[in-house]
Amino acid sequence: MTFGSNRPRVILFGNETERIAAIRYRVITFAEMLRADGYDCTVCLTSSLALWRSLYENRGPLAKALYFLLVLARRAAQLRHVIGADVVFFRGPLLPYGPPFLERLTHLLNPRMVFDIDDAVWEPPAYVDSFFERFMDHQWIWKMCAMCAHGVVGNQYLHKKVAPKQPNLTIIPTCVDMDRHTQKRYPPPDKRPVVLGWTGLHTNLGYFEAIQDTLRDLARRHDIVLSVATGKPYRLEGVRVVNHHWTLDREIEYLQEADIGLMPLVDSPRARGKCAYKAMQYMAVGTPCVISPVGMNAEVIEDGVTGFLAETPQQWLEKLEMLIKDAALRERMGRAARIRMQECYSHEANYPKFKAMIDQVAASGPGKSAVAAPQQPRDRE
C-alpha cells in the first residue's frame with residue numbers, strides 16, 4: 001500500500017508500552033487519526049504489555065536486564081521502517097538508558113525526524129530511587145534538538161526551555177480521549193464518605209508530602225476516604241486509604257468513583273514541566289479537582305469555575321473543605337471542567353495542529369512516499 005506525495009508515510013516510535021498515557025494519547029491515538037485520513041502509519045513500541053509484565057514489573061535486576069536486551073533487539077529490527085519514511089516521530093528515547101546511538105543511526109538513514117516530550121526530561125525524576133536511573137541520558141533532548149527537523153512539546157514551560165535550541169516547535173498537550181473518558185453520574189448526597197482520588201505512577205506519590213497534614217486534618221473533621229490507584233500500596237496514618245492496583249481496563253472507574261481529584265506538586269523544575277494530565281483525566285469525566293498551581297496546572301483550571309488551585313496548606317484545607325461540604329458545587333464544577341477538556345484538550349481540538357506539523361516536516365525534504373519502496377501497512381510493531 002502506497003500513497004501519493006500528499007499522503008506521507010509516518011513512523012511513530014513510543015518509548016514505553018501502551019500502559020503509559022503518553023503512549024496511548026500522544027502516539028497511538030494520533031496515529032489512528034492519521035490513518036483515518038489516509039496516512040500510512042507504523043507505531044513502534046518498546047515491547048508488548050505482556051512482555052513488560054513478565055520481565056520488568058516488580059522483577060529483579062537480572063530479569064530487567066534481559067528485558068532491556070530484548071528491547072534493544074526489537075528496536076534494531078524496527079529501524080528498517082525509517083528508510084524512505086516521510087516523517088520519523090520519537091516520543092522519547094528509543095532506549096531507556098545510555099546515549100542516543102540508535103537515534104543517530106536513524107538520522108543517517110532519514111533526517112526528517114521529530115521529537116516529542118511532555119515533561120522536563122532534562123531534570124532527574126523526583127522520588128525515584130533506582131539503580132538503573134543513573135544510566136538515563138538527561139541530555140537526550142538537547143542532542144535531539146540538533147538532529148531533528150521539528151519538535152513537539154506539551155506546554156508553554158517546555159516551549160520556553162526548548163525553543164532556544166530548536167525553534168521549530170509545536171505545542172500539543174497530552175490530550176484526553178473524550179469518548180473513553182465518559183461523563184460520570186453524580187450520586188445524591190447521603191451518608192457515604194466523600195472520596196478524594198489520586199492516580200498515577202507510584203514514584204509520584206512523594207508529592208503527597210505537601211498535603212499530608214491537610215488530609216489528616218480533613219479526616220478528623222469529615223467522613224472522607226483517600227482512593228489511590230497506582231502500582232504499590234500507599235498508607236497515610238490518620239487517613240482511611242483504599243488502594244487499587246492500577247489496571248488500564250479499570251482506569252475510568254478510578255476517575256469516576258472519586259468525588260474530588262487531587263494533584264499536589266512541589267514547585268520544582270521537573271514539576272513545572274508536567275502536563276497536568278492527572279487533573280485533566282479527572283476533569284474529563286466530570287470530577288472536579290484541587291491542584292497545585294505549578295506549571296501547566298495553572299493553565300488547565302480556571303480557579304473557582306472548573307476546579308480549585310491551592311498553593312498553601314491553608315488554601316488546600318479551605319478549598320477541599322468547600323467541595324467536601326457541597327455536593328452541588330462538585331457537580332457544577334465537574335460539568336464545567338468536562339466542557340473545558342472537550343473544547344481545549346481533546347484530540348479533536350488538537351489533531352489539526354498535529355497533522356499540520358506532520359505535513360510540514362514531510363514537505364521539508366526529498367524522498368516522498370510516492371517513490372518509496374512499497375511496504376505493507378502495519379498498525380503496530
# chains A, B, ... in the order shown; residues from 1 in each chain; ligands from 1
$ residues_around --residues "segment 331-333 of chain A" --least-positions-apart "5" --cutoff "6 Å" --atoms "only C-alpha atoms" --output "JSON, numbers by chain"
{"A": [288, 305, 306, 307]}
$ select_by_dssp --residues "segment 28-145 of chain A" --states "helix (DSSP H, G or I)" --output "PyMOL selection string"
chain A and resi 28-36+49-55+61-82+101-109+132-135+140-145
$ atom_distance --atom1 "atom CA of Tyr56 of chain A" --atom2 "atom CA of His202 of chain A"
15.2 Å
$ closest_atom_pairs --of "segment 20-42 of chain A" --to "segment 152-169 of chain A" --cutoff "12 Å" --atoms "only C-alpha atoms" --output "CSV"
residue,atom,partner,partner_atom,distance
A:Ala22,CA,A:Gly154,CA,10.3
A:Tyr25,CA,A:Gly154,CA,11.8
A:Arg26,CA,A:Gly154,CA,9.5
A:Val27,CA,A:Val152,CA,11.7
$ closest_residue --among "A:Arg270, A:Ala85, A:Ile172, A:Arg104" --to "His138 of chain A" --atoms "only C-alpha atoms"
A:Arg270
$ residues_around --residues "segment 34-36 of chain A" --least-positions-apart "2" --cutoff "12 Å" --atoms "only C-alpha atoms" --output "ChimeraX atom specification"
/A:3,7-12,27-32,38-43,347-348,351-359,377-379
$ write_last_selection --atoms "C-alpha atoms" --output "tab-separated table (two decimals), in the first residue's frame"
chain	number	residue	atom	x	y	z
A	3	PHE	CA	0.23	6.85	-1.24
A	7	ARG	CA	-0.10	11.33	1.88
A	8	PRO	CA	3.07	10.78	3.92
A	9	ARG	CA	4.34	7.54	5.42
A	10	VAL	CA	4.83	8.16	9.13
A	11	ILE	CA	6.81	6.05	11.62
A	12	LEU	CA	5.96	6.73	15.28
A	27	VAL	CA	1.27	8.38	19.81
A	28	ILE	CA	-1.38	5.70	19.24
A	29	THR	CA	-4.47	7.90	19.08
A	30	PHE	CA	-2.87	10.42	16.72
A	31	ALA	CA	-1.63	7.53	14.55
A	32	GLU	CA	-5.19	6.21	14.34
A	38	GLY	CA	-5.33	8.02	4.62
A	39	TYR	CA	-1.79	8.23	6.01
A	40	ASP	CA	0.38	5.12	6.19
A	41	CYS	CA	1.40	4.87	9.86
A	42	THR	CA	3.53	2.34	11.72
A	43	VAL	CA	3.67	2.52	15.53
A	347	HIS	CA	-7.74	15.02	20.44
A	348	GLU	CA	-10.35	16.56	18.15
A	351	TYR	CA	-5.34	16.95	15.89
A	352	PRO	CA	-5.27	19.73	13.24
A	353	LYS	CA	-2.02	21.04	14.78
A	354	PHE	CA	-0.51	17.56	14.86
A	355	LYS	CA	-1.46	16.85	11.25
A	356	ALA	CA	-0.14	20.25	10.09
A	357	MET	CA	3.17	19.52	11.81
A	358	ILE	CA	3.45	16.12	10.11
A	359	ASP	CA	2.69	17.66	6.72
A	377	PRO	CA	0.94	-1.13	6.26
A	378	ARG	CA	1.49	-2.04	9.88
A	379	ASP	CA	-0.63	-0.85	12.77
$ atom_distance --atom1 "atom CA of Lys184 of chain A" --atom2 "atom CA of Val285 of chain A"
5.6 Å
$ atom_distance --atom1 "atom CA of Ile252 of chain A" --atom2 "atom CA of Asn15 of chain A"
23.5 Å
$ residues_around --residues "Arg180 of chain A" --least-positions-apart "5" --cutoff "12 Å" --atoms "only C-alpha atoms" --output "list in words"
Arg24, Tyr25, Thr29, Cys175, Leu248, Asp249, Arg250, Glu251, Ile252, Glu253, Leu255, Gln256, Gln281, Ala284, Val285, Ser346 and His347 of chain A
$ write_last_selection --atoms "C-alpha atoms" --output "PDB file, in the first residue's frame"
ATOM      1  CA  ARG A  24      -1.783   5.954  24.192  1.00  0.00           C
ATOM      2  CA  TYR A  25      -2.680   9.610  23.713  1.00  0.00           C
ATOM      3  CA  THR A  29      -4.473   7.901  19.078  1.00  0.00           C
ATOM      4  CA  CYS A 175      -4.903  15.094  25.036  1.00  0.00           C
ATOM      5  CA  LEU A 248      -5.895   0.006  32.180  1.00  0.00           C
ATOM      6  CA  ASP A 249      -9.314  -1.650  31.964  1.00  0.00           C
ATOM      7  CA  ARG A 250     -10.379  -0.036  35.277  1.00  0.00           C
ATOM      8  CA  GLU A 251      -8.786   3.368  34.690  1.00  0.00           C
ATOM      9  CA  ILE A 252     -12.066   5.214  34.014  1.00  0.00           C
ATOM     10  CA  GLU A 253     -13.678   3.600  37.064  1.00  0.00           C
ATOM     11  CA  LEU A 255     -11.518   8.520  37.847  1.00  0.00           C
ATOM     12  CA  GLN A 256     -15.299   8.418  38.113  1.00  0.00           C
ATOM     13  CA  GLN A 281      -8.325  12.932  33.275  1.00  0.00           C
ATOM     14  CA  ALA A 284     -12.691  14.885  31.547  1.00  0.00           C
ATOM     15  CA  VAL A 285     -15.090  12.521  33.365  1.00  0.00           C
ATOM     16  CA  SER A 346      -9.360  16.759  23.396  1.00  0.00           C
ATOM     17  CA  HIS A 347      -7.742  15.021  20.436  1.00  0.00           C
TER      18      HIS A 347
END
$ closest_atom_pairs --of "segment 261-352 of chain A" --to "segment 219-240 of chain A" --cutoff "10 Å" --atoms "only C-alpha atoms" --output "CSV"
residue,atom,partner,partner_atom,distance
A:Gly261,CA,A:Ser227,CA,9.5
A:Leu262,CA,A:Leu226,CA,9.7
A:Glu321,CA,A:His222,CA,8.6
A:Ile324,CA,A:His222,CA,7.9
A:Lys325,CA,A:His222,CA,8.7
$ write_last_selection --atoms "C-alpha atoms" --output "PDB file, in the first residue's frame"
ATOM      1  CA  GLY A 261      -9.437  14.656  42.241  1.00  0.00           C
ATOM      2  CA  LEU A 262      -6.082  15.621  43.753  1.00  0.00           C
ATOM      3  CA  GLU A 321     -13.457  21.558  52.607  1.00  0.00           C
ATOM      4  CA  ILE A 324     -16.394  18.109  50.657  1.00  0.00           C
ATOM      5  CA  LYS A 325     -19.333  20.015  52.139  1.00  0.00           C
TER       6      LYS A 325
END
$ residues_around --residues "Arg91 of chain A" --least-positions-apart "5" --cutoff "6 Å" --atoms "only C-alpha atoms" --output "ChimeraX atom specification"
/A:13-15,116
$ residues_around --residues "segment 58-66 of chain A" --least-positions-apart "3" --cutoff "10 Å" --atoms "only C-alpha atoms" --output "ChimeraX atom specification"
/A:52-55,69-72,131-132,231-232
$ write_last_selection --atoms "C-alpha atoms" --output "PDB file, in the first residue's frame"
ATOM      1  CA  TRP A  52       6.824  -5.916  30.191  1.00  0.00           C
ATOM      2  CA  ARG A  53       4.731  -7.542  32.913  1.00  0.00           C
ATOM      3  CA  SER A  54       6.573 -10.856  32.755  1.00  0.00           C
ATOM      4  CA  LEU A  55      10.133  -9.495  32.757  1.00  0.00           C
ATOM      5  CA  LEU A  69      18.325  -6.714  25.753  1.00  0.00           C
ATOM      6  CA  LEU A  70      15.071  -7.794  24.120  1.00  0.00           C
ATOM      7  CA  VAL A  71      14.038  -4.158  23.719  1.00  0.00           C
ATOM      8  CA  LEU A  72      17.390  -3.434  22.050  1.00  0.00           C
ATOM      9  CA  PHE A 131      19.929   1.583  40.252  1.00  0.00           C
ATOM     10  CA  PHE A 132      19.097   1.994  36.557  1.00  0.00           C
ATOM     11  CA  GLY A 231       1.339   0.161  41.330  1.00  0.00           C
ATOM     12  CA  LYS A 232       2.121  -0.075  45.048  1.00  0.00           C
TER      13      LYS A 232
END
$ select_by_dssp --residues "segment 71-113 of chain A" --states "strand (DSSP E)" --output "ChimeraX atom specification"
/A:87-91,113
$ write_last_selection --atoms "N, CA and C atoms" --output "JSON list (two decimals), in the first residue's frame"
[["chain", "number", "residue", "atom", "x", "y", "z"],
["A", 87, "VAL", "N", 8.18, 10.96, 7.63],
["A", 87, "VAL", "CA", 8.36, 11.53, 8.97],
["A", 87, "VAL", "C", 8.69, 10.40, 9.93],
["A", 88, "VAL", "N", 9.69, 10.63, 10.79],
["A", 88, "VAL", "CA", 10.02, 9.69, 11.87],
["A", 88, "VAL", "C", 9.81, 10.43, 13.18],
["A", 89, "PHE", "N", 8.85, 9.97, 13.96],
["A", 89, "PHE", "CA", 8.40, 10.65, 15.17],
["A", 89, "PHE", "C", 8.89, 9.88, 16.40],
["A", 90, "PHE", "N", 9.56, 10.59, 17.31],
["A", 90, "PHE", "CA", 10.11, 9.97, 18.52],
["A", 90, "PHE", "C", 9.38, 10.50, 19.75],
["A", 91, "ARG", "N", 8.58, 9.67, 20.36],
["A", 91, "ARG", "CA", 8.01, 10.03, 21.66],
["A", 91, "ARG", "C", 9.00, 9.50, 22.72],
["A", 113, "MET", "N", 13.16, 13.94, 11.15],
["A", 113, "MET", "CA", 12.85, 13.45, 12.48],
["A", 113, "MET", "C", 12.13, 14.51, 13.31]]
$ residues_around --residues "Trp140 of chain A" --least-positions-apart "3" --cutoff "9 Å" --atoms "only C-alpha atoms" --output "short mmCIF file (atom, residue, chain, number, x, y, z; two decimals) with N, CA and C atoms, in the first residue's frame"
data_model
loop_
_atom_site.label_atom_id
_atom_site.label_comp_id
_atom_site.auth_asym_id
_atom_site.auth_seq_id
_atom_site.Cartn_x
_atom_site.Cartn_y
_atom_site.Cartn_z
N GLY A 92 9.99 10.34 23.04
CA GLY A 92 11.02 9.94 23.99
C GLY A 92 12.10 9.09 23.34
N PRO A 93 13.10 8.68 24.11
CA PRO A 93 14.24 7.93 23.57
C PRO A 93 13.86 6.55 23.06
N PRO A 99 23.37 6.61 25.71
CA PRO A 99 23.32 7.70 24.72
C PRO A 99 22.40 7.33 23.55
N PRO A 100 21.95 8.32 22.79
CA PRO A 100 21.01 8.07 21.69
C PRO A 100 21.69 7.59 20.41
N VAL A 121 12.36 16.53 30.80
CA VAL A 121 13.15 15.29 30.82
C VAL A 121 14.63 15.54 31.09
N TRP A 122 15.08 16.78 31.01
CA TRP A 122 16.48 17.09 31.31
C TRP A 122 16.72 17.15 32.82
N MET A 136 20.31 6.90 32.79
CA MET A 136 19.45 7.68 31.90
C MET A 136 20.22 8.89 31.35
N ASP A 137 20.01 9.18 30.09
CA ASP A 137 20.67 10.32 29.45
C ASP A 137 19.76 11.53 29.55
N LYS A 143 20.40 16.81 22.52
CA LYS A 143 21.00 16.13 21.37
C LYS A 143 19.98 15.98 20.24
N MET A 144 18.73 15.73 20.61
CA MET A 144 17.69 15.61 19.60
C MET A 144 17.37 16.95 18.95
N CYS A 145 17.52 18.03 19.68
CA CYS A 145 17.30 19.36 19.10
C CYS A 145 18.23 19.57 17.91
#
$ decode --residues "segment 46-92 of chain A" --atoms "N, CA and C atoms" --output "short mmCIF file (atom, residue, chain, number, x, y, z; two decimals), in the first residue's frame"
data_model
loop_
_atom_site.label_atom_id
_atom_site.label_comp_id
_atom_site.auth_asym_id
_atom_site.auth_seq_id
_atom_site.Cartn_x
_atom_site.Cartn_y
_atom_site.Cartn_z
N THR A 46 8.24 -0.19 22.66
CA THR A 46 9.40 -0.90 23.21
C THR A 46 9.16 -2.40 23.31
N SER A 47 7.92 -2.78 23.65
CA SER A 47 7.60 -4.21 23.79
C SER A 47 6.09 -4.34 23.91
N SER A 48 5.64 -5.57 23.98
CA SER A 48 4.24 -5.80 24.31
C SER A 48 4.03 -5.59 25.80
N LEU A 49 2.80 -5.33 26.18
CA LEU A 49 2.49 -5.16 27.59
C LEU A 49 2.71 -6.47 28.35
N ALA A 50 2.43 -7.59 27.71
CA ALA A 50 2.62 -8.89 28.36
C ALA A 50 4.09 -9.14 28.68
N LEU A 51 4.99 -8.80 27.75
CA LEU A 51 6.41 -8.99 27.99
C LEU A 51 6.90 -8.09 29.11
N TRP A 52 6.43 -6.84 29.12
CA TRP A 52 6.82 -5.92 30.19
C TRP A 52 6.40 -6.47 31.55
N ARG A 53 5.20 -7.01 31.64
CA ARG A 53 4.73 -7.54 32.91
C ARG A 53 5.53 -8.76 33.35
N SER A 54 5.90 -9.61 32.40
CA SER A 54 6.57 -10.86 32.75
C SER A 54 8.04 -10.65 33.12
N LEU A 55 8.70 -9.65 32.53
CA LEU A 55 10.13 -9.50 32.76
C LEU A 55 10.52 -8.23 33.52
N TYR A 56 9.63 -7.24 33.60
CA TYR A 56 10.04 -5.97 34.20
C TYR A 56 9.26 -5.60 35.46
N GLU A 57 7.94 -5.67 35.41
CA GLU A 57 7.14 -5.19 36.54
C GLU A 57 7.45 -5.98 37.81
N ASN A 58 7.96 -5.27 38.81
CA ASN A 58 8.28 -5.87 40.12
C ASN A 58 9.27 -7.03 40.01
N ARG A 59 10.16 -6.96 39.03
CA ARG A 59 11.17 -8.02 38.84
C ARG A 59 12.53 -7.54 39.32
N GLY A 60 13.46 -8.49 39.44
CA GLY A 60 14.80 -8.18 39.89
C GLY A 60 15.68 -7.68 38.76
N PRO A 61 16.92 -7.29 39.09
CA PRO A 61 17.83 -6.72 38.10
C PRO A 61 18.11 -7.63 36.91
N LEU A 62 18.24 -8.94 37.13
CA LEU A 62 18.57 -9.85 36.03
C LEU A 62 17.43 -9.92 35.01
N ALA A 63 16.19 -10.02 35.50
CA ALA A 63 15.05 -10.06 34.61
C ALA A 63 14.92 -8.75 33.84
N LYS A 64 15.18 -7.64 34.53
CA LYS A 64 15.10 -6.35 33.86
C LYS A 64 16.19 -6.20 32.81
N ALA A 65 17.38 -6.71 33.11
CA ALA A 65 18.47 -6.64 32.14
C ALA A 65 18.12 -7.44 30.88
N LEU A 66 17.50 -8.62 31.06
CA LEU A 66 17.06 -9.40 29.91
C LEU A 66 16.01 -8.64 29.11
N TYR A 67 15.11 -7.97 29.82
CA TYR A 67 14.07 -7.17 29.15
C TYR A 67 14.72 -6.10 28.27
N PHE A 68 15.74 -5.40 28.80
CA PHE A 68 16.39 -4.34 28.04
C PHE A 68 17.10 -4.89 26.80
N LEU A 69 17.69 -6.10 26.92
CA LEU A 69 18.33 -6.71 25.75
C LEU A 69 17.30 -7.03 24.67
N LEU A 70 16.13 -7.51 25.09
CA LEU A 70 15.07 -7.79 24.12
C LEU A 70 14.54 -6.52 23.48
N VAL A 71 14.45 -5.45 24.27
CA VAL A 71 14.04 -4.16 23.72
C VAL A 71 15.06 -3.68 22.68
N LEU A 72 16.35 -3.84 22.99
CA LEU A 72 17.39 -3.43 22.05
C LEU A 72 17.26 -4.20 20.73
N ALA A 73 17.04 -5.49 20.81
CA ALA A 73 16.89 -6.29 19.59
C ALA A 73 15.65 -5.86 18.81
N ARG A 74 14.58 -5.59 19.52
CA ARG A 74 13.34 -5.16 18.87
C ARG A 74 13.56 -3.82 18.17
N ARG A 75 14.24 -2.90 18.86
CA ARG A 75 14.49 -1.58 18.27
C ARG A 75 15.35 -1.70 17.01
N ALA A 76 16.38 -2.53 17.06
CA ALA A 76 17.23 -2.70 15.88
C ALA A 76 16.42 -3.18 14.69
N ALA A 77 15.47 -4.07 14.93
CA ALA A 77 14.62 -4.56 13.85
C ALA A 77 13.67 -3.48 13.35
N GLN A 78 13.20 -2.65 14.25
CA GLN A 78 12.24 -1.60 13.87
C GLN A 78 12.86 -0.51 13.00
N LEU A 79 14.17 -0.36 13.06
CA LEU A 79 14.82 0.71 12.30
C LEU A 79 14.64 0.55 10.79
N ARG A 80 14.31 -0.65 10.33
CA ARG A 80 14.11 -0.82 8.89
C ARG A 80 12.98 0.05 8.37
N HIS A 81 12.04 0.42 9.24
CA HIS A 81 10.89 1.20 8.80
C HIS A 81 11.25 2.64 8.46
N VAL A 82 12.35 3.15 8.98
CA VAL A 82 12.64 4.58 8.80
C VAL A 82 13.14 4.89 7.40
N ILE A 83 13.63 3.88 6.70
CA ILE A 83 14.17 4.11 5.35
C ILE A 83 13.03 4.49 4.41
N GLY A 84 13.12 5.66 3.83
CA GLY A 84 12.11 6.13 2.90
C GLY A 84 10.87 6.73 3.53
N ALA A 85 10.78 6.75 4.86
CA ALA A 85 9.61 7.34 5.52
C ALA A 85 9.63 8.86 5.33
N ASP A 86 8.45 9.45 5.33
CA ASP A 86 8.35 10.90 5.20
C ASP A 86 8.55 11.61 6.53
N VAL A 87 8.18 10.96 7.63
CA VAL A 87 8.36 11.53 8.97
C VAL A 87 8.69 10.40 9.93
N VAL A 88 9.69 10.63 10.79
CA VAL A 88 10.02 9.69 11.87
C VAL A 88 9.81 10.43 13.18
N PHE A 89 8.85 9.97 13.96
CA PHE A 89 8.40 10.65 15.17
C PHE A 89 8.89 9.88 16.40
N PHE A 90 9.56 10.59 17.31
CA PHE A 90 10.11 9.97 18.52
C PHE A 90 9.38 10.50 19.75
N ARG A 91 8.58 9.67 20.36
CA ARG A 91 8.01 10.03 21.66
C ARG A 91 9.00 9.50 22.72
N GLY A 92 9.99 10.34 23.04
CA GLY A 92 11.02 9.94 23.99
C GLY A 92 12.10 9.09 23.34
#
